[in-house]
Amino acid sequence: MEYDVLIIGAGPAGLTAAFEASSAGARTGLLDENEHPGGQLPKQIHKFFGSKRHMAGMRGYEIAGKLASKAFEAGVSFLPKSRVFNITNHSSYKEVAYIYNNKVKVIRTKQLIIATGARENPLAVPGWTLPGVVTIGALQTMMNIYQVLPGNRFIIVGSGNAGLVVAHQILLAGGQIAAVVEAQNQPGGFAVHAAKIARLGAPVLTNHIVTSIKGSQKVQGVTIAHLNSQNNTFTMDADIVALAVGFHPAYELAQIAGVKSIFNNHFMPCHNQNMETSIEGIYCAGDSACVEEASIAMEEGRIAGAASAAKLGCLNKTEAHVKIAQAHQYLNKLRGYNKLNGAASSEQAAIESKTLTAAVAGSKALIRCSEKIPCNPCVSSCPAKAISMKPDITGLPQVDLAKCNGCKTCIAACPGQAIIAIDARDANSCKITIPYERYPVPKPGETWYGTDIHGNKICKVQILKTASRMSFDKTILVTFNTAREFALKIYDITT
Amino acid sequence: MADDNIICRCEEVTETEILQAIKDGAVAFDEIKRLTRAGMGHCQGSTCSILVDNLLRSANPGITLHKHTPRPPLQPVKLEAFVKSASGSQGEANE
């Protein structure tokens, strides 16, 4: 017997499970096919949504580092570059076979946690096997791990968070978005992600589908059809088509061990409240249990880690019970968001004009976040305690304009880049501060253009100053001067 | 979808072949696998099982799908790797 608890997959679920099991005193091993821990987190260069408990506000690759060092400090042994190809279930142990350094290795463990993440959905439109068709995750790996932008003009199929986030990163990398094509009547991902690409001028074609991918030898374009009108198809040039049509649990290892599946839109492994599957001593956690997101994966990992340690007697039952109950409370909150439950645009307009009025007395924060997503770094970042969220993390942030002292800390803290500050002390002009994360970086004294919500140039702006601090984590705050009438119409700037 | 559209890339099985298998009475991925070799290649059906299930569902609305049966080795393992491990001590930790 080599391990009390062995975890397969060192993403957010696996790392958290490993930490929990190891800190309870279980001899814990963590296997991963990659050289470095973190799963998909190392390629996530954007700041994460969520709460402090899940390290929200930090960039994905930093969260990977934090989770890994926490696990390693707790005594977890990490087995990198190990690809598991078989699991066998015995009455008192599980046997895991994997390849390391081109050799087959076999280890035994009393408890096994499968945290092998998700796989990307394919979309078999004609032409999908042409070179230049990639999945969105593969594209993100090329760009953010290997620093390769594989094309110039991109079409993204699907506008969930993955599609929107990577579309934004393509724009940051200097690529062009021909279109993000979405079959539904609105973007599938968070509104703040959609807003980020919209204000850089990238079109999201809702109610449209890609019917075929064209090209000889490689991708040259796509045919797109409007869903609600007949005979309305058109072609669009592109050299890369990225498929962002969702994910499904990758839990084949659990299946090989004999774990039962259920079908709910996708196949997934059966598991109970402790994340234990239909086989005693085999647990699942994170996207391999059900595709959700990183904060949820961490909580599920915590449950699986605590439950497996408790079963071995490493963690006393009451302590484990409290931990698991608490994790379930967080899971309920994280899953409790309601996409279209945000402030109506008229309410947002009222907030914006109220903020402009209050800004006559000095700089005030304006939050353009109108969806009840589980995210609150703005609240925890505000030193003046001027931002509140009711009833909990899935509420809408509200700024108490009397308390807001214009310190601008929240602007860099917001992972959605959805906060700006307005200073209207001057009677004719307004100073506006926005978060900025791309090249070129504006310099004080330069004249740029203000752009509207769709990325159209609407007026000239004078760059006044740029600020960057360690705590902003590479986000630059750009302050510019503009005519008062444009104050609430500017969403971004461009050269 | 075009008739010659490839569904299983590893084994180059086309949509026409899958639809023919469904017409011939196949009602589960594993049956289609045995008839066409879809899902028997390098990736073990990790991509095409979703596509084949979609085709099964559009041909028989309301059908109960059955998860495909993955078998070990789940990833390609060179025979050399087995030989190497047999000559070394079993269960040694990664060096």
# chains A, B, ... in the order shown; residues from 1 in each chain; ligands from 1
>>> interface_residues(of="chain A", to="chain B", cutoff="7 Å", atoms="only C-alpha atoms", output="list of chain:residue names")
A:Leu79, A:Phe85, A:Asn86, A:Asn102, A:Lys103, A:Val104, A:Lys105, A:Val106, A:Ile107, A:Pro122, A:Ala124, A:Val125, A:Pro126, A:Glu252, A:Ile256, A:Phe267
>>> residues_around(residues="Gln20 of chain B", least_positions_apart="5", cutoff="12 Å", atoms="only C-alpha atoms", output="MDAnalysis selection string")
chainID B and resid 3 13:15 25:27 32 35:36 55:56 59
>>> select_by_dssp(residues="chain B", states="strand (DSSP E)", output="list in words")
Ile6, Ile7, Cys8, Val13 and Thr14 of chain B
>>> write_last_selection(atoms="C-alpha atoms", output="short mmCIF file (atom, residue, chain, number, x, y, z; two decimals), in the first residue's frame")
data_model
loop_
_atom_site.label_atom_id
_atom_site.label_comp_id
_atom_site.auth_asym_id
_atom_site.auth_seq_id
_atom_site.Cartn_x
_atom_site.Cartn_y
_atom_site.Cartn_z
CA ILE B 6 -16.05 12.53 -41.03
CA ILE B 7 -17.41 11.76 -37.57
CA CYS B 8 -14.67 9.53 -36.11
CA VAL B 13 -15.64 6.82 -40.26
CA THR B 14 -18.09 9.03 -42.15
#
>>> atom_distance(atom1="atom CA of Ile296 of chain A", atom2="atom CA of Tyr93 of chain A")
28.2 Å
>>> residues_around(residues="Thr88 of chain A", least_positions_apart="3", cutoff="6 Å", atoms="only C-alpha atoms", output="VMD selection string")
chain A and resid 94 to 95 257
>>> write_last_selection(atoms="N, CA and C atoms", output="PDB file, in the first residue's frame")
ATOM      1  N   LYS A  94      -7.382   0.203  -4.316  1.00  0.00           N
ATOM      2  CA  LYS A  94      -7.539   0.414  -5.768  1.00  0.00           C
ATOM      3  C   LYS A  94      -6.132   0.398  -6.354  1.00  0.00           C
ATOM      4  N   GLU A  95      -6.015  -0.139  -7.559  1.00  0.00           N
ATOM      5  CA  GLU A  95      -4.720  -0.179  -8.199  1.00  0.00           C
ATOM      6  C   GLU A  95      -4.757   0.745  -9.417  1.00  0.00           C
ATOM      7  N   ALA A 257     -13.146   1.705 -13.887  1.00  0.00           N
ATOM      8  CA  ALA A 257     -13.181   1.082 -12.565  1.00  0.00           C
ATOM      9  C   ALA A 257     -14.558   0.491 -12.264  1.00  0.00           C
TER      10      ALA A 257
END
>>> atom_distance(atom1="atom CA of Tyr436 of chain A", atom2="atom CA of Val478 of chain A")
6.6 Å
>>> decode(residues="segment 84-95 of chain A", atoms="C-alpha atoms", output="PDB file, in the first residue's frame")
ATOM      1  CA  VAL A  84      -3.065   6.936 -16.001  1.00  0.00           C
ATOM      2  CA  PHE A  85      -4.417   4.254 -18.347  1.00  0.00           C
ATOM      3  CA  ASN A  86      -6.131   1.801 -16.020  1.00  0.00           C
ATOM      4  CA  ILE A  87      -7.787   1.513 -12.615  1.00  0.00           C
ATOM      5  CA  THR A  88      -8.762  -1.744 -10.965  1.00  0.00           C
ATOM      6  CA  ASN A  89     -10.942  -1.981  -7.910  1.00  0.00           C
ATOM      7  CA  HIS A  90     -10.055  -4.485  -5.179  1.00  0.00           C
ATOM      8  CA  SER A  91     -11.843  -5.049  -1.892  1.00  0.00           C
ATOM      9  CA  SER A  92      -9.401  -3.111   0.294  1.00  0.00           C
ATOM     10  CA  TYR A  93      -7.488  -1.024  -2.239  1.00  0.00           C
ATOM     11  CA  LYS A  94      -7.539   0.414  -5.768  1.00  0.00           C
ATOM     12  CA  GLU A  95      -4.720  -0.179  -8.199  1.00  0.00           C
TER      13      GLU A  95
END
